[in-house]
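Text of the file protein05.txt, holding compact mmCIF, C-alpha atoms:
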```
# COMPACT_ATOMS: atom_id res chain seq x y z
CA MET A 1 0.00 0.00 0.00
CA ASN A 2 1.29 3.45 -0.87
CA PRO A 3 1.30 5.58 2.33
CA SER A 4 0.20 8.61 0.35
CA GLN A 5 -2.95 6.73 -0.64
CA SER A 6 -3.61 4.97 2.66
CA GLY A 7 -6.11 7.40 4.15
CA PRO A 8 -6.11 9.26 7.47
CA VAL A 9 -4.20 8.18 10.55
CA SER A 10 -6.40 5.98 12.69
CA LYS A 11 -7.37 7.32 16.11
CA ASN A 12 -5.75 4.38 17.87
CA ALA A 13 -2.25 5.22 16.52
CA ARG A 14 -1.56 7.13 19.75
CA ALA A 15 -2.85 4.23 21.84
CA VAL A 16 -0.50 1.89 19.94
CA ALA A 17 2.39 4.29 20.53
CA ALA A 18 1.58 4.41 24.26
CA LYS A 19 1.62 0.61 24.54
CA LEU A 20 4.95 0.41 22.72
CA LEU A 21 6.37 3.10 25.01
CA ASP A 22 5.18 1.04 27.99
CA ARG A 23 7.30 -1.86 26.75
CA VAL A 24 10.35 0.36 26.32
CA GLU A 25 10.15 1.78 29.84
CA ARG A 26 8.58 -1.06 31.84
CA ASP A 27 10.24 -4.04 30.16
CA GLY A 28 13.49 -2.44 29.04
CA ALA A 29 12.70 -3.24 25.39
CA TYR A 30 14.57 -1.39 22.65
CA ALA A 31 12.52 1.22 20.81
CA ASN A 32 13.66 0.11 17.36
CA LEU A 33 12.81 -3.53 18.11
CA VAL A 34 9.33 -2.86 19.47
CA LEU A 35 8.58 -0.77 16.40
CA ALA A 36 9.91 -3.47 14.08
CA SER A 37 7.66 -6.07 15.72
CA ALA A 38 4.52 -3.93 15.79
CA GLU A 39 3.31 -4.64 12.20
CA LEU A 40 1.84 -1.16 11.83
CA PRO A 41 -0.54 -0.24 9.01
CA ASP A 42 1.07 2.13 6.51
CA ARG A 43 -1.29 4.93 7.50
CA ASP A 44 -0.12 4.75 11.14
CA ALA A 45 3.56 3.84 10.79
CA GLY A 46 4.97 7.33 10.36
CA LEU A 47 3.14 8.87 13.32
CA VAL A 48 3.70 5.92 15.66
CA THR A 49 7.42 5.86 14.81
CA GLU A 50 7.74 9.61 15.40
CA LEU A 51 5.90 9.38 18.71
CA VAL A 52 7.82 6.37 20.04
CA TYR A 53 11.24 7.74 19.14
CA GLY A 54 10.42 11.33 20.02
CA VAL A 55 8.80 10.61 23.37
CA THR A 56 11.57 8.19 24.31
CA ARG A 57 14.21 10.85 23.61
CA MET A 58 12.36 13.72 25.24
CA ARG A 59 10.91 11.80 28.20
CA ARG A 60 12.52 13.97 30.87
CA ALA A 61 11.50 17.29 29.32
CA LEU A 62 7.96 16.02 28.76
CA ASP A 63 7.63 14.87 32.36
CA HIS A 64 8.67 18.35 33.48
CA LEU A 65 5.86 19.84 31.38
CA ILE A 66 3.32 17.37 32.74
CA ASP A 67 4.24 17.12 36.41
CA GLY A 68 3.30 20.70 37.22
CA PHE A 69 -0.34 19.73 36.62
CA VAL A 70 -0.37 16.25 38.17
CA SER A 71 -0.87 15.75 41.91
CA ASP A 72 -0.92 11.93 42.00
CA PRO A 73 1.44 9.97 39.72
CA PRO A 74 -0.58 8.32 36.92
CA ASP A 75 -0.08 4.73 35.80
CA LEU A 76 2.54 4.19 33.10
CA THR A 77 0.16 3.99 30.13
CA THR A 78 -1.60 7.19 31.17
CA ARG A 79 1.74 8.92 31.67
CA ASN A 80 2.83 7.85 28.21
CA LEU A 81 -0.38 9.22 26.73
CA LEU A 82 0.28 12.52 28.52
CA ARG A 83 3.83 12.50 27.15
CA ILE A 84 2.46 11.84 23.66
CA GLY A 85 0.08 14.78 23.96
CA ALA A 86 2.77 17.10 25.36
CA TYR A 87 5.20 16.02 22.64
CA GLN A 88 2.69 16.91 19.94
CA LEU A 89 1.90 20.23 21.58
CA HIS A 90 5.39 21.51 22.26
CA MET A 91 7.74 19.59 19.97
CA LEU A 92 5.68 18.79 16.88
CA ASP A 93 3.63 22.00 16.94
CA THR A 94 0.44 20.02 16.39
CA PRO A 95 -2.63 22.28 16.74
CA ALA A 96 -3.83 22.12 20.34
CA TYR A 97 -7.37 20.93 19.52
CA ALA A 98 -6.00 17.99 17.51
CA ALA A 99 -3.23 17.02 19.93
CA VAL A 100 -5.56 17.10 22.92
CA SER A 101 -8.71 15.57 21.45
CA GLU A 102 -7.00 12.74 19.59
CA THR A 103 -4.85 11.82 22.57
CA VAL A 104 -7.93 11.85 24.82
CA ASP A 105 -9.67 9.54 22.33
CA ALA A 106 -6.77 7.10 22.67
CA ALA A 107 -6.99 6.99 26.47
CA PRO A 108 -8.96 4.36 28.41
CA ARG A 109 -12.46 5.72 29.07
CA ARG A 110 -11.91 6.09 32.84
CA GLN A 111 -8.83 8.26 32.24
CA ARG A 112 -10.14 10.54 29.51
CA GLY A 113 -11.26 13.34 31.80
CA PHE A 114 -7.89 13.38 33.56
CA VAL A 115 -5.89 13.30 30.29
CA ASN A 116 -8.07 16.06 28.86
CA ALA A 117 -7.63 18.31 31.90
CA VAL A 118 -3.87 17.90 32.11
CA LEU A 119 -3.21 18.36 28.39
CA ARG A 120 -5.35 21.49 28.22
CA ARG A 121 -3.17 23.00 30.93
CA VAL A 122 0.01 21.81 29.20
CA ALA A 123 -1.21 23.42 25.96
CA GLU A 124 -1.52 26.81 27.67
CA VAL A 125 1.89 26.86 29.34
CA GLU A 126 5.00 28.49 27.91
CA PRO A 127 7.77 26.03 28.84
CA THR A 128 10.45 27.08 31.29
CA TRP A 129 13.30 24.77 32.14
CA PRO A 130 15.12 24.44 35.47
CA THR A 131 18.33 23.13 33.84
CA GLU A 132 19.77 22.45 30.41
CA ALA A 133 19.67 18.73 31.19
CA VAL A 134 15.89 18.91 31.62
CA ARG A 135 15.40 21.07 28.52
CA LEU A 136 17.52 18.78 26.37
CA SER A 137 16.15 15.67 28.11
CA TYR A 138 19.30 13.85 29.19
CA PRO A 139 20.50 12.53 32.55
CA ASP A 140 22.30 15.16 34.63
CA TRP A 141 25.56 13.21 34.72
CA MET A 142 25.70 12.91 30.93
CA VAL A 143 25.28 16.63 30.33
CA GLU A 144 27.74 17.51 33.10
CA ARG A 145 30.34 15.08 31.80
CA LEU A 146 30.16 16.24 28.19
CA GLU A 147 30.16 19.89 29.21
CA ALA A 148 33.31 19.24 31.25
CA ASP A 149 34.97 17.35 28.38
CA LEU A 150 33.88 19.45 25.39
CA GLY A 151 32.88 22.79 26.89
CA ALA A 152 29.28 23.82 27.45
CA THR A 153 28.71 25.28 23.97
CA GLU A 154 29.93 22.27 21.99
CA ALA A 155 28.36 19.75 24.37
CA GLN A 156 24.94 21.38 24.26
CA ALA A 157 25.11 21.69 20.47
CA ALA A 158 25.92 17.97 20.22
CA LEU A 159 23.11 17.00 22.58
CA LYS A 160 20.64 19.25 20.77
CA GLN A 161 21.60 17.73 17.40
CA MET A 162 21.10 14.20 18.75
CA ASN A 163 17.50 15.10 19.64
CA GLN A 164 16.80 15.24 15.91
CA PRO A 165 16.18 12.10 13.85
CA SER A 166 19.45 10.89 12.35
CA PRO A 167 19.71 10.78 8.55
CA VAL A 168 19.81 7.36 6.92
CA THR A 169 22.85 6.86 4.69
CA THR A 170 22.92 3.88 2.38
CA ARG A 171 26.16 2.78 0.73
CA PRO A 172 26.22 1.75 -2.95
CA ASP A 173 26.18 -1.92 -1.87
CA GLY A 174 22.91 -1.39 0.03
CA TYR A 175 24.36 -1.41 3.54
CA VAL A 176 23.00 1.32 5.83
CA GLN A 177 25.90 3.01 7.62
CA ASP A 178 26.40 6.45 9.12
CA LEU A 179 28.82 8.65 7.20
CA ALA A 180 31.17 9.09 10.16
CA SER A 181 31.63 5.32 10.35
CA GLN A 182 32.39 5.25 6.65
CA TRP A 183 35.00 7.97 7.19
CA VAL A 184 36.71 5.86 9.85
CA ALA A 185 36.95 2.97 7.41
CA GLU A 186 38.49 5.33 4.84
CA LEU A 187 41.17 6.31 7.34
CA VAL A 188 42.17 2.68 7.86
CA ASP A 189 43.38 2.90 4.26
CA PRO A 190 44.33 -0.77 3.66
CA GLN A 191 46.86 -1.25 0.88
CA PRO A 192 46.84 -4.04 -1.74
CA GLY A 193 48.27 -7.26 -0.40
CA GLU A 194 48.16 -6.24 3.26
CA LYS A 195 46.66 -8.37 6.00
CA VAL A 196 44.22 -6.34 8.11
CA LEU A 197 42.44 -7.27 11.34
CA ASP A 198 39.15 -5.69 12.37
CA MET A 199 39.38 -6.64 16.04
CA CYS A 200 35.84 -5.70 17.19
CA ALA A 201 34.04 -6.16 13.91
CA GLY A 202 30.38 -6.79 14.72
CA PRO A 203 27.99 -6.19 13.04
CA GLY A 204 30.33 -5.67 10.08
CA GLY A 205 29.80 -2.16 8.72
CA LYS A 206 33.44 -1.13 8.72
CA THR A 207 34.58 -4.66 7.88
CA THR A 208 32.56 -4.78 4.68
CA THR A 209 33.81 -1.33 3.70
CA LEU A 210 37.40 -2.48 4.18
CA ALA A 211 36.67 -5.59 2.12
CA GLY A 212 36.33 -3.35 -0.94
CA SER A 213 40.11 -2.96 -0.93
CA SER A 214 42.60 -5.47 -2.29
CA ALA A 215 43.76 -6.34 1.23
CA ALA A 216 43.02 -9.56 3.12
CA ILE A 217 40.51 -8.62 5.83
CA VAL A 218 40.12 -10.76 8.95
CA ALA A 219 37.13 -9.96 11.19
CA ALA A 220 36.87 -10.87 14.86
CA ASP A 221 34.34 -10.24 17.61
CA HIS A 222 34.21 -11.77 21.07
CA ARG A 223 30.43 -12.25 20.88
CA ARG A 224 29.63 -15.20 18.67
CA HIS A 225 26.30 -13.81 17.47
CA ARG A 226 28.02 -10.60 16.34
CA ALA A 227 30.67 -12.58 14.49
CA THR A 228 27.80 -14.40 12.79
CA LEU A 229 26.30 -11.02 11.86
CA VAL A 230 29.59 -10.01 10.25
CA ALA A 231 29.56 -13.11 8.08
CA ALA A 232 25.91 -12.56 7.16
CA ASN A 233 26.48 -8.92 6.23
CA ALA A 234 29.55 -9.85 4.22
CA ALA A 235 27.42 -12.27 2.25
CA LYS A 236 24.67 -9.68 1.71
CA THR A 237 27.13 -7.09 0.44
CA ALA A 238 29.18 -9.60 -1.59
CA SER A 239 32.24 -8.74 0.51
CA SER A 240 35.16 -11.13 0.39
CA LEU A 241 36.78 -11.70 3.78
CA ALA A 242 39.87 -13.72 4.64
CA GLY A 243 38.16 -15.01 7.77
CA VAL A 244 35.59 -14.35 10.50
CA VAL A 245 36.29 -15.59 14.02
CA ALA A 246 34.65 -15.33 17.43
CA ALA A 247 37.54 -14.23 19.63
CA ASP A 248 38.24 -11.94 22.58
CA GLY A 249 40.41 -9.11 21.31
CA ARG A 250 42.21 -8.94 24.65
CA ARG A 251 43.43 -12.51 24.17
CA PRO A 252 43.44 -12.89 20.39
CA PRO A 253 44.18 -16.25 18.79
CA PHE A 254 46.64 -14.76 16.31
CA ARG A 255 50.42 -14.72 16.13
CA SER A 256 52.14 -11.56 17.31
CA ARG A 257 53.28 -9.16 14.58
CA SER A 258 51.09 -10.97 12.01
CA PHE A 259 49.01 -8.03 10.69
CA ASP A 260 49.91 -4.97 8.66
CA ARG A 261 47.02 -2.99 10.12
CA VAL A 262 44.74 -3.51 13.11
CA LEU A 263 41.49 -1.61 13.54
CA VAL A 264 40.23 -1.36 17.11
CA ASP A 265 36.68 -0.07 16.71
CA ALA A 266 36.19 -0.53 20.41
CA PRO A 267 33.07 -1.07 22.51
CA CYS A 268 32.24 2.30 24.06
CA SER A 269 29.59 4.28 25.93
CA GLY A 270 27.95 5.18 22.60
CA LEU A 271 27.28 8.78 23.62
CA GLY A 272 27.87 9.83 20.03
CA VAL A 273 25.03 7.76 18.57
CA LEU A 274 22.16 8.84 20.82
CA GLY A 275 20.42 10.38 17.82
CA ARG A 276 19.78 6.97 16.28
CA ARG A 277 19.43 5.01 19.53
CA ALA A 278 16.52 6.77 21.17
CA ASP A 279 16.56 4.85 24.45
CA ALA A 280 20.34 4.64 24.96
CA ARG A 281 20.53 7.86 26.97
CA TRP A 282 18.48 6.20 29.71
CA ARG A 283 20.49 2.96 29.66
CA VAL A 284 24.09 4.18 29.89
CA LYS A 285 25.31 4.61 33.48
CA PRO A 286 28.05 6.95 34.73
CA ASN A 287 30.44 4.14 35.68
CA ASP A 288 30.11 2.59 32.21
CA VAL A 289 32.53 5.19 30.83
CA GLU A 290 35.37 4.27 33.21
CA GLU A 291 34.78 0.53 32.87
CA LEU A 292 34.78 0.73 29.08
CA SER A 293 37.90 2.89 29.01
CA LEU A 294 39.77 0.11 30.83
CA LEU A 295 38.57 -2.38 28.20
CA GLN A 296 39.55 0.00 25.39
CA ALA A 297 43.08 0.32 26.77
CA GLU A 298 43.39 -3.48 26.93
CA LEU A 299 42.28 -3.84 23.32
CA VAL A 300 44.76 -1.22 22.12
CA ARG A 301 47.56 -2.99 23.99
CA ALA A 302 46.65 -6.23 22.24
CA ALA A 303 46.57 -4.48 18.87
CA PHE A 304 50.16 -3.29 19.28
CA VAL A 305 51.20 -6.89 19.94
CA LEU A 306 49.48 -8.07 16.76
CA VAL A 307 50.75 -5.42 14.36
CA ARG A 308 54.06 -5.90 12.57
CA PRO A 309 56.95 -3.46 13.04
CA GLY A 310 56.09 -0.40 10.97
CA GLY A 311 52.44 -1.42 10.79
CA VAL A 312 49.45 0.74 11.70
CA VAL A 313 47.00 0.59 14.62
CA ILE A 314 43.75 2.53 14.24
CA TYR A 315 41.57 3.22 17.28
CA SER A 316 38.00 4.47 16.97
CA VAL A 317 34.94 4.93 19.17
CA CYS A 318 31.49 6.44 18.62
CA THR A 319 31.61 8.62 21.71
CA MET A 320 32.94 11.99 22.89
CA THR A 321 34.18 11.52 26.48
CA GLU A 322 37.77 12.37 27.32
CA ALA A 323 38.17 9.04 29.11
CA GLU A 324 37.45 7.12 25.89
CA THR A 325 39.25 9.42 23.46
CA ALA A 326 42.15 11.60 24.62
CA ALA A 327 42.86 9.42 27.66
CA ILE A 328 43.32 6.34 25.45
CA ASP A 329 45.70 8.35 23.28
CA GLN A 330 47.65 9.17 26.45
CA VAL A 331 47.86 5.45 27.25
CA VAL A 332 49.41 4.86 23.82
CA ALA A 333 51.85 7.76 24.31
CA GLN A 334 52.96 6.37 27.67
CA GLU A 335 53.16 2.69 26.76
CA HIS A 336 54.40 3.07 23.17
CA PRO A 337 56.52 6.23 23.12
CA ASP A 338 58.21 5.08 19.90
CA ALA A 339 54.87 4.74 18.05
CA GLU A 340 54.19 7.70 15.78
CA ALA A 341 50.77 9.35 15.81
CA ILE A 342 49.79 9.73 12.16
CA PRO A 343 48.21 13.17 11.54
CA ILE A 344 44.61 13.15 10.30
CA THR A 345 44.32 16.04 7.88
CA ASP A 346 40.87 15.31 6.42
CA PRO A 347 38.94 18.59 6.91
CA ARG A 348 35.80 16.73 7.93
CA TRP A 349 37.54 15.93 11.22
CA ARG A 350 38.55 18.34 13.99
CA PRO A 351 41.86 17.75 15.82
CA HIS A 352 41.46 16.13 19.24
CA SER A 353 44.47 15.08 21.30
CA ARG A 354 46.71 13.35 18.72
CA GLY A 355 43.68 12.01 16.86
CA ALA A 356 40.55 13.59 15.42
CA LEU A 357 36.91 14.02 16.36
CA VAL A 358 33.63 14.54 14.56
CA LEU A 359 30.73 15.94 16.59
CA PRO A 360 27.07 15.49 15.57
CA GLN A 361 26.63 19.18 14.80
CA ASP A 362 29.62 19.23 12.44
CA HIS A 363 28.05 17.26 9.57
CA ASN A 364 24.78 15.83 10.99
CA THR A 365 26.42 12.45 11.61
CA ASP A 366 27.20 10.34 14.63
CA ALA A 367 30.04 11.55 16.84
CA MET A 368 33.26 9.65 16.24
CA PHE A 369 36.84 9.72 17.48
CA VAL A 370 39.73 8.15 15.60
CA ALA A 371 43.49 7.97 16.11
CA LYS A 372 46.17 6.31 13.93
CA TYR A 373 49.55 5.08 15.08
CA GLN A 374 52.49 3.65 13.21
CA ALA A 375 54.33 1.05 15.23
CA PRO A 376 58.11 1.47 15.41
CA HIS A 377 60.00 -0.27 12.61
CA HIS A 378 61.99 -2.28 15.14
CA ALA A 379 60.29 -4.97 17.25
CA GLY A 380 60.50 -3.68 20.81
CA SER A 381 59.64 -5.42 24.04
CA GLY A 382 56.09 -6.72 24.16
CA GLN A 383 56.03 -7.06 20.39
```
Give the structure from this file in structure tokens form.
Amino acid sequence: MNPSQSGPVSKNARAVAAKLLDRVERDGAYANLVLASAELPDRDAGLVTELVYGVTRMRRALDHLIDGFVSDPPDLTTRNLLRIGAYQLHMLDTPAYAAVSETVDAAPRRQRGFVNAVLRRVAEVEPTWPTEAVRLSYPDWMVERLEADLGATEAQAALKQMNQPSPVTTRPDGYVQDLASQWVAELVDPQPGEKVLDMCAGPGGKTTTLAGSSAAIVAADHRRHRATLVAANAAKTASSLAGVVAADGRRPPFRSRSFDRVLVDAPCSGLGVLGRRADARWRVKPNDVEELSLLQAELVRAAFVLVRPGGVVIYSVCTMTEAETAAIDQVVAQEHPDAEAIPITDPRWRPHSRGALVLPQDHNTDAMFVAKYQAPHHAGSGQ
């Protein structure tokens, strides 16, 4: 069915959105997965998707708008309907009569009077925000950390950009991959005849990009199901790989000095991809950053063992915290003082420590950090 010919949005689209939002918050389900499993009619799909993603992102700001007019906390479904109404009123600029009446129609009969009364008050209010974290709808710690690491202006611009739907970029081979991830793969720059390891390859976006070169690409991931995804995506994109293995990058099953290049696209806090992962801002915890930075340092250490003398180690993460970017570069500087940081001169990237950074507001992409190192031409200790 062509959506343009599918007729008006049904009145229960908001009720469907509320039930899906219940699953995201109550059951910890992922927003993209509940939407994928919902089997929505074409006429409803666009609105339900907008409401589920938008309300999930803006949950904290919406609750601030609502809670001034609520004396007793409503049940979760009613709260989600109130969030849906407030989102339409203040973030979609839906006419008040439509946002209120259609949301009331979606409410259970016993709650309609309450939903109507609250949303009419919300419609009349001019929002004021106690903090930037509430206005932008992120946890306090996340805003404070990024402001400390990037400065308030850049951090708030990044957070604001990630409240907008991320663009979908499809490669010529049909694989959907954010541009910033494609730019990382370009910087790996495998040469013909080289042997290249993608140490944390799942689900295979960068791996399949690298496979377009004339190098031998080996993909590894410590989670077996992600290694399986790499193989499946390689098949879908007709990418030729030298091998796919399930292996822990900290204890890799490869000979030392056996690769010309090693890409460490490390597990990270993911604070640079919150625009496409609507619920991630509520899942990441403050101590995740420090724990992941320890893992990242271990993976980089292993990469320097695997790369040949004179070979190249590339480190990348889709986040913006100092602990996962500049601090990892400092680990390399301390532990491998003879390794040369290769300058990244591509103008799409901004210098950051000895590597480079892309922020969401720079090009409307994910945030990404990358650093390149050339191992010394002599095999030192630990190599």
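Put simply, atom CA of A:Leu229 is 15.6 Å away from atom CA of A:Ile217.
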Next item on the list: List every protein, DNA or RNA residue that has at least one atom no more than 8 Å from (62.7, 2.6, 19.0) in the file's coordinates, counting all atoms listed in the file, and write the result as an NGL selection string.
Entry: :A and (338 or 376-378 or 380)
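Proximity to A:Asn163 was assessed for A:Met58, A:Val134, A:Val245, A:Ala234 counting all atoms listed in the file; the smallest distance is recorded for A:Met58.
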Margin query: Can you pull out the residues contacting A:Leu146? Cut-off 9 Å, using all atoms listed in the file, and skip same-chain residues under 4 positions away; I want them as a ChimeraX atom specification.
Written below: /A:141-142,150-152,154-156,320-322
Write out the residues from the selection above, keeping C-alpha atoms, as an mmCIF file, keeping the file's coordinate frame.
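So out-v5.cif came out as:
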```cif
data_model
loop_
_atom_site.group_PDB
_atom_site.id
_atom_site.type_symbol
_atom_site.label_atom_id
_atom_site.label_comp_id
_atom_site.auth_asym_id
_atom_site.auth_seq_id
_atom_site.Cartn_x
_atom_site.Cartn_y
_atom_site.Cartn_z
ATOM 1 C CA TRP A 141 25.560 13.210 34.720
ATOM 2 C CA MET A 142 25.700 12.910 30.930
ATOM 3 C CA LEU A 150 33.880 19.450 25.390
ATOM 4 C CA GLY A 151 32.880 22.790 26.890
ATOM 5 C CA ALA A 152 29.280 23.820 27.450
ATOM 6 C CA GLU A 154 29.930 22.270 21.990
ATOM 7 C CA ALA A 155 28.360 19.750 24.370
ATOM 8 C CA GLN A 156 24.940 21.380 24.260
ATOM 9 C CA MET A 320 32.940 11.990 22.890
ATOM 10 C CA THR A 321 34.180 11.520 26.480
ATOM 11 C CA GLU A 322 37.770 12.370 27.320
#
```
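The nearest approach to A:Leu197 among the residues A:Arg171, A:Arg112, A:Arg308, A:Arg14, with all atoms listed in the file taken into account, belongs to A:Arg308.
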Notebook entry, point to check: Any idea what's packed within 12 Å of A:Pro108, counting all atoms listed in the file, ignoring anything in its chain fewer than 3 positions away? Could you give it as a PyMOL selection string?
Noted result: chain A and resi 12+14-15+18-19+75+77-78+81+103-105+111-116
Please save C-alpha atoms of the selected residues as a short mmCIF file (atom, residue, chain, number, x, y, z; two decimals), in the frame of the given file.
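Now in selection.cif:
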```
data_model
loop_
_atom_site.label_atom_id
_atom_site.label_comp_id
_atom_site.auth_asym_id
_atom_site.auth_seq_id
_atom_site.Cartn_x
_atom_site.Cartn_y
_atom_site.Cartn_z
CA ASN A 12 -5.75 4.38 17.87
CA ARG A 14 -1.56 7.13 19.75
CA ALA A 15 -2.85 4.23 21.84
CA ALA A 18 1.58 4.41 24.26
CA LYS A 19 1.62 0.61 24.54
CA ASP A 75 -0.08 4.73 35.80
CA THR A 77 0.16 3.99 30.13
CA THR A 78 -1.60 7.19 31.17
CA LEU A 81 -0.38 9.22 26.73
CA THR A 103 -4.85 11.82 22.57
CA VAL A 104 -7.93 11.85 24.82
CA ASP A 105 -9.67 9.54 22.33
CA GLN A 111 -8.83 8.26 32.24
CA ARG A 112 -10.14 10.54 29.51
CA GLY A 113 -11.26 13.34 31.80
CA PHE A 114 -7.89 13.38 33.56
CA VAL A 115 -5.89 13.30 30.29
CA ASN A 116 -8.07 16.06 28.86
#
```
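Pairwise distance (atom CA of A:Leu119, atom CA of A:Asn32) equals 27.2 Å.
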Margin query: Neighbouring residues of A:Arg251 were defined as those with any atom within 9 Å, considering all atoms listed in the file; residues of the same chain fewer than 4 positions away were excluded. Please report them as a list in words.
Written below: Ala247, Leu299 and Ala302 of chain A
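Checking A:Ala220, A:Val317, A:Ile344, A:Leu82 one by one against A:Ala117, counting only C-alpha atoms, you find the shortest gap at A:Leu82.
Ranking A:Asp189, A:Ala266, A:Ser137, A:Glu25 by their shortest atom-to-atom distance to A:Ala201, with all atoms listed in the file included, puts A:Ala266 first.
The space separating atom CA of A:Gln361 from atom CA of A:Val312 comes to 29.5 Å.
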Margin query: Residues near A:Leu306, anyone? I mean within 12 Å using all atoms listed in the file, not counting same-chain ones fewer than 2 positions away, as a PyMOL selection string.
Written below: chain A and resi 195-199+249-264+299-304+308-313+375+379+382-383
